[in-house]
>>> print(open('start.csv').read())   # CSV, C-alpha atoms and all ligand atoms
chain,number,residue,atom,x,y,z
M,1,MET,CA,80.3,-90.4,147.3
M,2,PHE,CA,82.6,-93.5,147.2
M,3,ILE,CA,81.7,-95.8,150.1
M,4,VAL,CA,84.3,-98.4,151.2
M,5,THR,CA,83.4,-101.0,153.9
M,6,GLY,CA,85.9,-102.9,156.0
M,7,ALA,CA,88.2,-99.8,156.1
M,8,ASN,CA,89.6,-100.8,159.4
M,9,GLY,CA,90.8,-104.1,157.9
M,10,GLN,CA,94.0,-104.7,156.0
M,11,LEU,CA,92.7,-104.5,152.5
M,12,GLY,CA,90.0,-101.9,153.1
M,13,ARG,CA,92.5,-99.5,154.7
M,14,LEU,CA,94.9,-99.8,151.8
M,15,ILE,CA,92.0,-99.2,149.3
M,16,VAL,CA,91.0,-96.0,151.1
M,17,HIS,CA,94.6,-94.6,151.0
M,18,ALA,CA,94.9,-95.6,147.3
M,19,LEU,CA,91.5,-94.0,146.6
M,20,ALA,CA,92.4,-90.8,148.5
M,21,ALA,CA,95.4,-90.4,146.1
M,22,ARG,CA,92.9,-90.3,143.2
M,23,VAL,CA,89.8,-88.4,144.4
M,24,SER,CA,89.3,-85.8,147.1
M,25,PRO,CA,89.1,-87.4,150.6
M,26,GLY,CA,85.8,-85.5,151.0
M,27,GLN,CA,84.3,-87.7,148.4
M,28,ILE,CA,85.1,-90.9,150.4
M,29,GLY,CA,83.0,-92.4,153.1
M,30,VAL,CA,83.9,-95.4,155.1
M,31,SER,CA,81.6,-97.8,156.8
M,32,VAL,CA,83.3,-99.4,159.8
M,33,ARG,CA,82.3,-101.4,162.9
M,34,ASP,CA,84.4,-99.3,165.2
M,35,VAL,CA,84.6,-95.6,164.3
M,36,ALA,CA,87.3,-94.9,166.9
M,37,LYS,CA,89.7,-97.2,165.0
M,38,ALA,CA,89.3,-95.0,161.9
M,39,ALA,CA,90.3,-91.7,163.5
M,40,ASP,CA,93.3,-91.5,161.2
M,41,LEU,CA,91.0,-91.7,158.2
M,42,ALA,CA,88.8,-89.0,159.6
M,43,ALA,CA,91.9,-86.9,160.0
M,44,LEU,CA,92.5,-87.3,156.3
M,45,GLY,CA,89.1,-85.8,155.6
M,46,VAL,CA,87.3,-89.1,155.0
M,47,ARG,CA,83.7,-89.4,156.3
M,48,VAL,CA,83.7,-92.1,159.0
M,49,ARG,CA,80.4,-93.8,159.9
M,50,HIS,CA,79.4,-96.8,161.9
M,51,GLY,CA,78.1,-99.7,159.7
M,52,ASP,CA,77.9,-103.4,160.6
M,53,PHE,CA,76.6,-105.9,158.0
M,54,ALA,CA,75.1,-107.9,160.9
M,55,GLU,CA,73.1,-104.9,161.9
M,56,PRO,CA,71.4,-103.9,158.6
M,57,GLU,CA,69.7,-101.0,160.2
M,58,SER,CA,73.1,-99.4,160.7
M,59,LEU,CA,74.0,-99.4,157.0
M,60,GLY,CA,71.5,-96.7,155.8
M,61,HIS,CA,73.4,-94.0,157.6
M,62,ALA,CA,76.8,-95.4,156.8
M,63,PHE,CA,76.0,-95.6,153.0
M,64,GLU,CA,74.1,-92.2,152.8
M,65,GLY,CA,74.9,-90.4,149.5
M,66,ALA,CA,76.6,-93.4,147.9
M,67,ARG,CA,77.3,-93.3,144.2
M,68,ARG,CA,79.7,-96.2,144.2
M,69,VAL,CA,80.1,-98.7,147.0
M,70,LEU,CA,83.0,-101.1,147.4
M,71,ILE,CA,82.0,-104.0,149.7
M,72,VAL,CA,85.0,-105.8,151.3
M,73,SER,CA,83.8,-109.4,151.8
M,74,SER,CA,83.0,-110.4,155.3
M,75,ASN,CA,85.0,-113.2,156.9
M,76,ALA,CA,82.0,-114.2,159.0
M,77,ARG,CA,82.2,-117.8,157.8
M,78,ALA,CA,85.5,-118.4,159.6
M,79,TYR,CA,83.8,-117.4,162.8
M,80,GLY,CA,80.7,-119.6,162.3
M,81,GLY,CA,78.6,-116.6,161.0
M,82,ASP,CA,76.6,-116.1,157.8
M,83,SER,CA,78.7,-114.2,155.2
M,84,ARG,CA,76.0,-114.4,152.6
M,85,ALA,CA,73.3,-112.8,154.8
M,86,GLN,CA,75.8,-110.1,155.6
M,87,HIS,CA,76.6,-109.5,151.9
M,88,ARG,CA,72.9,-109.4,151.1
M,89,ALA,CA,72.4,-106.7,153.8
M,90,ALA,CA,75.3,-104.6,152.3
M,91,LEU,CA,73.9,-104.9,148.8
M,92,ASP,CA,70.4,-104.0,149.9
M,93,ALA,CA,71.8,-100.9,151.7
M,94,ALA,CA,73.8,-99.9,148.6
M,95,ARG,CA,70.7,-100.1,146.4
M,96,ASP,CA,68.6,-98.2,149.0
M,97,ALA,CA,71.2,-95.5,149.1
M,98,GLY,CA,70.9,-95.1,145.3
M,99,ALA,CA,74.3,-96.4,144.4
M,100,GLU,CA,74.9,-96.8,140.6
M,101,ARG,CA,77.6,-99.4,140.9
M,102,VAL,CA,78.7,-101.9,143.5
M,103,LEU,CA,82.2,-103.5,143.6
M,104,TYR,CA,82.7,-106.6,145.7
M,105,THR,CA,86.0,-108.3,146.7
M,106,SER,CA,85.5,-111.8,145.3
M,107,HIS,CA,88.1,-114.5,144.6
M,108,MET,CA,89.7,-116.0,141.5
M,109,ALA,CA,88.2,-119.4,142.4
M,110,ALA,CA,84.7,-118.2,143.2
M,111,SER,CA,82.5,-121.2,142.4
M,112,ALA,CA,79.6,-123.2,144.0
M,113,THR,CA,81.6,-126.4,143.4
M,114,SER,CA,85.0,-125.3,144.7
M,115,ALA,CA,86.7,-127.5,147.2
M,116,PHE,CA,87.5,-124.4,149.3
M,117,PRO,CA,84.3,-123.5,151.2
M,118,PRO,CA,84.7,-119.6,151.2
M,119,MET,CA,84.5,-119.8,147.4
M,120,HIS,CA,80.8,-120.9,147.7
M,121,ASP,CA,80.0,-117.6,149.5
M,122,HIS,CA,81.7,-115.6,146.8
M,123,ALA,CA,79.8,-117.4,144.1
M,124,ALA,CA,76.5,-116.9,146.0
M,125,THR,CA,77.3,-113.2,146.4
M,126,GLU,CA,78.1,-112.8,142.7
M,127,ALA,CA,74.7,-114.3,142.0
M,128,MET,CA,73.1,-111.7,144.4
M,129,LEU,CA,75.1,-108.9,142.6
M,130,ALA,CA,73.7,-110.1,139.2
M,131,GLY,CA,70.2,-109.9,140.5
M,132,SER,CA,70.7,-106.6,142.4
M,133,GLY,CA,69.5,-104.3,139.6
M,134,MET,CA,72.7,-102.2,140.1
M,135,LYS,CA,75.8,-102.2,137.8
M,136,TRP,CA,78.4,-104.4,139.5
M,137,THR,CA,82.0,-105.4,139.4
M,138,SER,CA,83.3,-108.5,141.1
M,139,LEU,CA,87.0,-108.1,141.8
M,140,ARG,CA,88.2,-111.7,141.4
M,141,HIS,CA,91.2,-111.5,143.7
M,142,GLY,CA,94.1,-113.9,143.7
M,143,PHE,CA,94.9,-115.7,146.9
M,144,TYR,CA,96.5,-113.4,149.5
M,145,ALA,CA,100.3,-113.8,149.7
M,146,SER,CA,100.1,-113.1,153.4
M,147,SER,CA,97.8,-116.1,153.8
M,148,GLY,CA,100.3,-118.3,152.0
M,149,LEU,CA,103.2,-117.1,154.1
M,150,ALA,CA,101.2,-117.6,157.3
M,151,MET,CA,100.2,-121.2,156.2
M,152,ALA,CA,103.8,-122.0,155.3
M,153,ARG,CA,105.1,-120.6,158.6
M,154,GLN,CA,102.5,-122.5,160.6
M,155,ALA,CA,103.3,-125.8,158.9
M,156,THR,CA,107.1,-125.5,159.4
M,157,HIS,CA,108.8,-126.8,162.5
M,158,ASP,CA,112.4,-127.6,163.0
M,159,ASP,CA,113.2,-126.9,159.3
M,160,VAL,CA,110.5,-129.3,158.0
M,161,ILE,CA,107.3,-128.3,156.3
M,162,THR,CA,104.7,-131.0,156.9
M,163,ILE,CA,101.6,-130.7,154.7
M,164,PRO,CA,99.3,-132.8,152.5
M,165,ALA,CA,99.9,-132.6,148.8
M,166,ASP,CA,99.1,-129.1,147.5
M,167,GLY,CA,99.3,-127.2,144.2
M,168,VAL,CA,100.8,-124.0,143.0
M,169,VAL,CA,99.0,-120.7,143.8
M,170,SER,CA,99.4,-117.3,142.1
M,171,TRP,CA,99.9,-115.5,145.4
M,172,THR,CA,98.9,-111.8,145.3
M,173,THR,CA,99.6,-109.0,147.7
M,174,HIS,CA,97.1,-106.9,149.5
M,175,GLY,CA,98.9,-103.7,148.3
M,176,ASP,CA,98.6,-104.6,144.6
M,177,LEU,CA,94.9,-105.7,145.0
M,178,ALA,CA,94.1,-102.5,146.9
M,179,GLU,CA,95.8,-100.3,144.2
M,180,ALA,CA,93.8,-102.0,141.5
M,181,ALA,CA,90.5,-101.8,143.5
M,182,ALA,CA,90.9,-98.1,144.0
M,183,ALA,CA,91.7,-97.5,140.3
M,184,ILE,CA,88.5,-99.4,139.3
M,185,LEU,CA,86.4,-97.8,142.0
M,186,ALA,CA,87.6,-94.4,140.8
M,187,GLY,CA,86.5,-95.3,137.3
M,188,GLU,CA,89.9,-95.5,135.7
M,189,HIS,CA,89.0,-99.0,134.4
M,190,THR,CA,85.5,-100.5,134.0
M,191,PHE,CA,84.6,-104.1,134.3
M,192,GLU,CA,81.0,-105.4,134.0
M,193,GLY,CA,80.5,-108.4,136.3
M,194,PRO,CA,83.5,-110.5,137.2
M,195,THR,CA,87.0,-109.2,136.4
M,196,PRO,CA,89.6,-111.6,135.0
M,197,PRO,CA,91.6,-113.2,137.8
M,198,LEU,CA,93.6,-110.4,139.5
M,199,THR,CA,96.8,-112.4,140.3
M,200,GLY,CA,100.5,-112.1,141.0
M,201,SER,CA,102.9,-113.1,138.3
M,202,GLU,CA,104.2,-116.4,139.6
M,203,ALA,CA,102.6,-119.6,140.9
M,204,LEU,CA,104.3,-121.2,143.9
M,205,SER,CA,103.5,-124.1,146.3
M,206,LEU,CA,103.6,-123.8,150.1
M,207,ALA,CA,106.9,-125.7,150.0
M,208,ASP,CA,108.2,-123.1,147.5
M,209,LEU,CA,107.3,-120.4,150.0
M,210,ALA,CA,108.9,-122.3,152.9
M,211,THR,CA,112.0,-122.7,150.7
M,212,ILE,CA,112.1,-118.9,149.9
M,213,ARG,CA,111.8,-118.2,153.6
M,214,ALA,CA,114.6,-120.6,154.4
M,215,ASP,CA,116.8,-119.2,151.7
M,216,THR,CA,116.3,-115.7,153.0
M,217,ALA,CA,117.3,-116.9,156.5
M,218,GLN,CA,120.2,-118.8,154.9
M,219,THR,CA,118.9,-122.1,156.2
M,220,SER,CA,117.2,-125.0,154.4
M,221,VAL,CA,113.8,-126.7,154.7
M,222,ARG,CA,112.7,-130.3,154.1
M,223,HIS,CA,109.2,-131.0,152.6
M,224,ASP,CA,107.3,-133.9,154.2
M,225,VAL,CA,104.0,-134.8,152.5
M,226,ILE,CA,101.4,-136.4,154.8
M,227,SER,CA,98.2,-138.1,153.8
M,228,ASP,CA,94.9,-136.3,153.9
M,229,ALA,CA,93.8,-138.5,156.8
M,230,GLN,CA,96.8,-137.6,158.8
M,231,TYR,CA,96.2,-133.9,158.2
M,232,ARG,CA,92.6,-134.2,159.2
M,233,GLU,CA,93.7,-136.0,162.4
M,234,ARG,CA,96.1,-133.1,163.1
M,235,LEU,CA,93.4,-130.6,162.6
M,236,ALA,CA,91.1,-132.5,165.0
M,237,ALA,CA,93.9,-132.8,167.6
M,238,ARG,CA,94.2,-129.0,167.5
M,239,GLY,CA,90.6,-128.8,168.5
M,240,LEU,CA,89.5,-126.7,165.5
M,241,PRO,CA,85.8,-126.4,165.0
M,242,PRO,CA,84.5,-128.3,161.9
M,243,HIS,CA,83.9,-125.2,159.8
M,244,VAL,CA,87.4,-123.9,160.4
M,245,ALA,CA,88.9,-127.4,159.7
M,246,ALA,CA,86.9,-127.5,156.5
M,247,ILE,CA,88.5,-124.3,155.3
M,248,ALA,CA,92.1,-125.4,156.3
M,249,TYR,CA,91.7,-128.9,154.6
M,250,GLY,CA,89.8,-127.4,151.7
M,251,PHE,CA,92.8,-125.2,150.8
M,252,PHE,CA,94.8,-128.3,150.0
M,253,LEU,CA,92.1,-130.0,148.0
M,254,ALA,CA,91.5,-126.9,145.9
M,255,SER,CA,95.1,-125.9,145.3
M,256,ARG,CA,95.8,-129.5,144.3
M,257,ALA,CA,93.0,-129.3,141.8
M,258,GLY,CA,94.6,-126.2,140.4
M,259,GLU,CA,91.9,-123.8,141.5
M,260,PHE,CA,94.4,-121.0,142.5
M,261,ALA,CA,97.1,-121.8,139.9
M,262,ARG,CA,96.2,-119.4,137.1
M,263,VAL,CA,98.6,-116.5,136.5
M,264,ASP,CA,96.8,-113.7,134.6
M,265,GLY,CA,98.2,-110.4,133.2
M,266,GLU,CA,95.1,-108.3,134.1
M,267,LEU,CA,96.4,-107.0,137.4
M,268,ALA,CA,99.7,-106.0,135.8
M,269,SER,CA,97.8,-104.2,133.1
M,270,ILE,CA,95.7,-102.2,135.6
M,271,LEU,CA,98.8,-101.4,137.8
M,272,GLY,CA,100.9,-100.5,134.8
M,273,ARG,CA,103.8,-102.6,136.3
M,274,ALA,CA,104.6,-106.1,137.3
M,275,PRO,CA,102.8,-107.3,140.4
M,276,THR,CA,104.8,-107.5,143.6
M,277,ARG,CA,106.7,-110.8,144.0
M,278,VAL,CA,105.8,-112.7,147.1
M,279,ARG,CA,109.5,-113.1,148.0
M,280,THR,CA,109.8,-109.4,148.5
M,281,LEU,CA,107.4,-109.7,151.5
M,282,ILE,CA,109.8,-112.0,153.3
M,283,ALA,CA,112.2,-110.1,155.6
M,284,PRO,CA,115.5,-111.7,156.4
M,285,SER,CA,115.4,-113.1,159.9
K,301,LIG,N1,91.8,-113.3,148.5
K,301,LIG,C1,92.1,-114.0,149.6
K,301,LIG,O1,93.0,-114.9,149.5
K,301,LIG,C2,91.5,-113.8,150.9
K,301,LIG,C3,92.1,-114.4,152.0
K,301,LIG,C4,91.5,-114.2,153.3
K,301,LIG,C5,90.3,-113.4,153.4
K,301,LIG,N2,89.8,-112.9,152.2
K,301,LIG,C6,88.6,-112.0,152.3
K,301,LIG,O2,89.0,-110.7,152.1
K,301,LIG,C7,88.5,-109.9,153.1
K,301,LIG,C8,89.4,-108.7,153.4
K,301,LIG,O3,90.6,-109.2,153.8
K,301,LIG,P1,91.5,-108.5,154.9
K,301,LIG,O4,92.9,-109.1,154.9
K,301,LIG,O5,91.4,-107.0,154.8
K,301,LIG,O6,90.8,-109.0,156.3
K,301,LIG,P2,90.7,-108.2,157.6
K,301,LIG,O7,91.9,-107.4,157.9
K,301,LIG,O8,90.3,-109.2,158.6
K,301,LIG,O9,89.5,-107.3,157.4
K,301,LIG,C9,88.1,-107.7,157.2
K,301,LIG,C10,87.2,-106.5,157.3
K,301,LIG,O10,85.9,-107.0,157.3
K,301,LIG,C11,85.2,-106.3,158.3
K,301,LIG,N3,84.0,-107.0,158.7
K,301,LIG,C12,83.9,-108.2,159.3
K,301,LIG,N4,82.7,-108.4,159.7
K,301,LIG,C13,82.0,-107.3,159.3
K,301,LIG,C14,80.6,-107.0,159.5
K,301,LIG,N5,79.7,-107.8,160.1
K,301,LIG,N6,80.2,-105.8,159.0
K,301,LIG,C15,81.0,-105.0,158.4
K,301,LIG,N7,82.3,-105.2,158.2
K,301,LIG,C16,82.8,-106.4,158.7
K,301,LIG,C17,86.2,-106.1,159.4
K,301,LIG,O11,85.7,-105.1,160.3
K,301,LIG,P3,86.5,-104.8,161.7
K,301,LIG,O12,87.7,-104.0,161.2
K,301,LIG,O13,85.5,-104.0,162.4
K,301,LIG,O14,86.9,-106.1,162.3
K,301,LIG,C18,87.4,-105.8,158.7
K,301,LIG,O15,87.6,-104.4,158.4
K,301,LIG,C19,88.2,-110.8,154.3
K,301,LIG,O16,87.2,-110.3,155.1
K,301,LIG,C20,87.8,-112.1,153.6
K,301,LIG,O17,86.5,-112.1,153.2
K,301,LIG,C21,90.4,-113.1,151.0
>>> encode(input="start.csv", output="structure tokens", more="lines below")
Ligand SMILES: NC(=O)c1ccc[n+]([C@@H]2O[C@H](COP(=O)([O-])OP(=O)(O)OC[C@H]3O[C@@H](n4cnc5c(N)ncnc54)[C@H](OP(=O)(O)O)[C@@H]3O)[C@@H](O)[C@H]2O)c1
Amino acid sequence: MFIVTGANGQLGRLIVHALAARVSPGQIGVSVRDVAKAADLAALGVRVRHGDFAEPESLGHAFEGARRVLIVSSNARAYGGDSRAQHRAALDAARDAGAERVLYTSHMAASATSAFPPMHDHAATEAMLAGSGMKWTSLRHGFYASSGLAMARQATHDDVITIPADGVVSWTTHGDLAEAAAAILAGEHTFEGPTPPLTGSEALSLADLATIRADTAQTSVRHDVISDAQYRERLAARGLPPHVAAIAYGFFLASRAGEFARVDGELASILGRAPTRVRTLIAPS
């Protein structure tokens, strides 16, 4: 069976639908925290079982019969949790279920030395994969376009985007990444270890995104660059917990250092078409 975790989330759900277009739904099992939310997947003929990385004992049943497992990375860090321990539990469960290959949704900037804290978890998880004894593929995803649009929107008030210096990012859509993940999971393409960066086809800054949004709405936007110290003060004033502030601030440090800038052709090659441009996600308002 093909097991997909996180199937009630944005990416996981899209992966299941893309996979169901390639293999029989009866060959797909999902591991979700809330089985009721996956009723539509059960109606497709997908096996739906409860599995929570934070409750490792739940995963044996959820992963039963696994031949290939796709682990959607946990976002536990953003909530003060331990993403690495959760990924370890998922990997152990995949191995115990007899899986021959594990796929994991990593990031193009996965590194222990990244300025963006979530990248440390991806690097640590890739090291766990390398030591797991299973064949593994780390899907090195580009930065989500939806995250960029949300950041640009949040930083824009009264037609001014106010942010510290950033860098360009090869924003990538959930839909394209899900399509590629399903193709790789189904065995249409094989990667041993990390894939090349799976990215969109253009690299844009947050101000570029704000400008595209403004153009779409037939308005204009001004770009005000604030210092890192001013930005950190603003994060503190919003009362964000330190681990959340570190992620928000880290984005600017890492993008400025070019960690998310690379545009690579591998995603287009897997999809057999150009990746979706971020501007097509912006509806006129
Ligand atoms: N490439 C990027 O730029 C980027 C940006 C942001 C995040 N990410 C990573 O990509 C992942 C998928 O993104 P997304 O947009 O699909 O996020 P999402 O909609 O929040 O989905 C995350 C999924 O992870 C599941 N999950 C969380 N904790 C879990 C646990 N303890 N055990 C099992 N499953 C758990 C959630 O389950 P429930 O449905 O039960 O909540 C959800 O289905 C995120 O979790 C994050 O690690 C990547």
>>> residues_near_ligand(input="start.csv", ligand="ligand LIG 301 (chain K)", cutoff="7 Å", atoms="all atoms listed in the file", output="PyMOL selection string")
chain M and resi 5-12+32-34+51-54+72-76+86+105+107+141-144+147
>>> write_last_selection(input="start.csv", atoms="C-alpha atoms", output="PDB file, in the coordinates of the input")
ATOM      1  CA  THR M   5      83.400-101.000 153.900  1.00  0.00           C
ATOM      2  CA  GLY M   6      85.900-102.900 156.000  1.00  0.00           C
ATOM      3  CA  ALA M   7      88.200 -99.800 156.100  1.00  0.00           C
ATOM      4  CA  ASN M   8      89.600-100.800 159.400  1.00  0.00           C
ATOM      5  CA  GLY M   9      90.800-104.100 157.900  1.00  0.00           C
ATOM      6  CA  GLN M  10      94.000-104.700 156.000  1.00  0.00           C
ATOM      7  CA  LEU M  11      92.700-104.500 152.500  1.00  0.00           C
ATOM      8  CA  GLY M  12      90.000-101.900 153.100  1.00  0.00           C
ATOM      9  CA  VAL M  32      83.300 -99.400 159.800  1.00  0.00           C
ATOM     10  CA  ARG M  33      82.300-101.400 162.900  1.00  0.00           C
ATOM     11  CA  ASP M  34      84.400 -99.300 165.200  1.00  0.00           C
ATOM     12  CA  GLY M  51      78.100 -99.700 159.700  1.00  0.00           C
ATOM     13  CA  ASP M  52      77.900-103.400 160.600  1.00  0.00           C
ATOM     14  CA  PHE M  53      76.600-105.900 158.000  1.00  0.00           C
ATOM     15  CA  ALA M  54      75.100-107.900 160.900  1.00  0.00           C
ATOM     16  CA  VAL M  72      85.000-105.800 151.300  1.00  0.00           C
ATOM     17  CA  SER M  73      83.800-109.400 151.800  1.00  0.00           C
ATOM     18  CA  SER M  74      83.000-110.400 155.300  1.00  0.00           C
ATOM     19  CA  ASN M  75      85.000-113.200 156.900  1.00  0.00           C
ATOM     20  CA  ALA M  76      82.000-114.200 159.000  1.00  0.00           C
ATOM     21  CA  GLN M  86      75.800-110.100 155.600  1.00  0.00           C
ATOM     22  CA  THR M 105      86.000-108.300 146.700  1.00  0.00           C
ATOM     23  CA  HIS M 107      88.100-114.500 144.600  1.00  0.00           C
ATOM     24  CA  HIS M 141      91.200-111.500 143.700  1.00  0.00           C
ATOM     25  CA  GLY M 142      94.100-113.900 143.700  1.00  0.00           C
ATOM     26  CA  PHE M 143      94.900-115.700 146.900  1.00  0.00           C
ATOM     27  CA  TYR M 144      96.500-113.400 149.500  1.00  0.00           C
ATOM     28  CA  SER M 147      97.800-116.100 153.800  1.00  0.00           C
TER      29      SER M 147
END
>>> closest_atom_pairs(input="start.csv", of="range 45-115 of chain M", to="range 178-183 of chain M", cutoff="10 Å", atoms="all atoms listed in the file", output="Markdown table")
| residue | atom | partner | partner_atom | distance |
| --- | --- | --- | --- | --- |
| M:Leu70 | CA | M:Ala181 | CA | 8.5 |
| M:Leu103 | CA | M:Ala181 | CA | 8.5 |
| M:Tyr104 | CA | M:Ala181 | CA | 9.4 |
| M:Thr105 | CA | M:Ala181 | CA | 8.5 |
>>> residues_around(input="start.csv", residues="range 156-164 of chain M", least_positions_apart="3", cutoff="6 Å", atoms="all atoms listed in the file", output="NGL selection string")
:M and (153 or 221-228)
>>> write_last_selection(input="start.csv", atoms="C-alpha atoms", output="tab-separated table (two decimals), in the frame of the given file")
chain	number	residue	atom	x	y	z
M	153	ARG	CA	105.10	-120.60	158.60
M	221	VAL	CA	113.80	-126.70	154.70
M	222	ARG	CA	112.70	-130.30	154.10
M	223	HIS	CA	109.20	-131.00	152.60
M	224	ASP	CA	107.30	-133.90	154.20
M	225	VAL	CA	104.00	-134.80	152.50
M	226	ILE	CA	101.40	-136.40	154.80
M	227	SER	CA	98.20	-138.10	153.80
M	228	ASP	CA	94.90	-136.30	153.90
>>> atom_distance(input="start.csv", atom1="CA of Val16 in chain M", atom2="CA of Gly187 in chain M")
14.5 Å
>>> closest_residue(input="start.csv", among="M:Ala210, M:Ala115, M:Ala150, M:Leu129", to="Phe252 in chain M", atoms="all atoms listed in the file")
M:Ala115
>>> residues_near_point(input="start.csv", point="(102.8, -123.9, 141.4)", cutoff="6 Å", atoms="all atoms listed in the file", output="list in words")
Gly167, Val168, Val169, Ala203, Leu204 and Ser205 of chain M
>>> residues_around(input="start.csv", residues="range 268-281 of chain M", least_positions_apart="3", cutoff="8 Å", atoms="all atoms listed in the file", output="PyMOL selection string")
chain M and resi 145+171-173+176+179-180+183+189+199-202+209+212-213+265
>>> write_last_selection(input="start.csv", atoms="C-alpha atoms", output="mmCIF file, keeping the file's coordinate frame")
data_model
loop_
_atom_site.group_PDB
_atom_site.id
_atom_site.type_symbol
_atom_site.label_atom_id
_atom_site.label_comp_id
_atom_site.auth_asym_id
_atom_site.auth_seq_id
_atom_site.Cartn_x
_atom_site.Cartn_y
_atom_site.Cartn_z
ATOM 1 C CA ALA M 145 100.300 -113.800 149.700
ATOM 2 C CA TRP M 171 99.900 -115.500 145.400
ATOM 3 C CA THR M 172 98.900 -111.800 145.300
ATOM 4 C CA THR M 173 99.600 -109.000 147.700
ATOM 5 C CA ASP M 176 98.600 -104.600 144.600
ATOM 6 C CA GLU M 179 95.800 -100.300 144.200
ATOM 7 C CA ALA M 180 93.800 -102.000 141.500
ATOM 8 C CA ALA M 183 91.700 -97.500 140.300
ATOM 9 C CA HIS M 189 89.000 -99.000 134.400
ATOM 10 C CA THR M 199 96.800 -112.400 140.300
ATOM 11 C CA GLY M 200 100.500 -112.100 141.000
ATOM 12 C CA SER M 201 102.900 -113.100 138.300
ATOM 13 C CA GLU M 202 104.200 -116.400 139.600
ATOM 14 C CA LEU M 209 107.300 -120.400 150.000
ATOM 15 C CA ILE M 212 112.100 -118.900 149.900
ATOM 16 C CA ARG M 213 111.800 -118.200 153.600
ATOM 17 C CA GLY M 265 98.200 -110.400 133.200
#
>>> atom_distance(input="start.csv", atom1="CA of Leu19 in chain M", atom2="CA of Ala186 in chain M")
7.0 Å
>>> residues_around(input="start.csv", residues="Gly131 in chain M", least_positions_apart="6", cutoff="12 Å", atoms="all atoms listed in the file", output="list in words")
Arg88, Leu91, Asp92, Arg95, Ala124, Thr125 and Gly193 of chain M
>>> residues_around(input="start.csv", residues="Leu240 in chain M", least_positions_apart="5", cutoff="12 Å", atoms="only C-alpha atoms", output="list in words")
Ala78, Tyr79, Gly80, Arg232, Glu233, Arg234, Leu235, Ala245, Ala246, Ile247, Ala248 and Tyr249 of chain M
>>> residues_around(input="start.csv", residues="Arg49 in chain M", least_positions_apart="4", cutoff="8 Å", atoms="only C-alpha atoms", output="list in words")
Gly29, Val30, Ser31, Val32, Val35, His61 and Ala62 of chain M
>>> atom_distance(input="start.csv", atom1="CA of Pro194 in chain M", atom2="CA of Arg84 in chain M")
17.6 Å
>>> closest_residue(input="start.csv", among="M:Pro197, M:Glu266, M:Arg13, M:Ala165", to="Ala229 in chain M", atoms="only C-alpha atoms")
M:Ala165
>>> closest_residue(input="start.csv", among="M:Ala155, M:Ala85, M:Leu177, M:Leu59", to="Ser106 in chain M", atoms="only C-alpha atoms")
M:Leu177
>>> closest_residue(input="start.csv", among="M:Met108, M:Ile184, M:Ala90, M:Ala217", to="Phe260 in chain M", atoms="all atoms listed in the file")
M:Met108
>>> closest_residue(input="start.csv", among="M:Pro241, M:Gly148, M:Gly133, M:Pro25", to="Ser170 in chain M", atoms="all atoms listed in the file")
M:Gly148
>>> closest_residue(input="start.csv", among="M:Phe251, M:Thr216, M:Asp121, M:Ala43", to="Ser83 in chain M", atoms="all atoms listed in the file")
M:Asp121
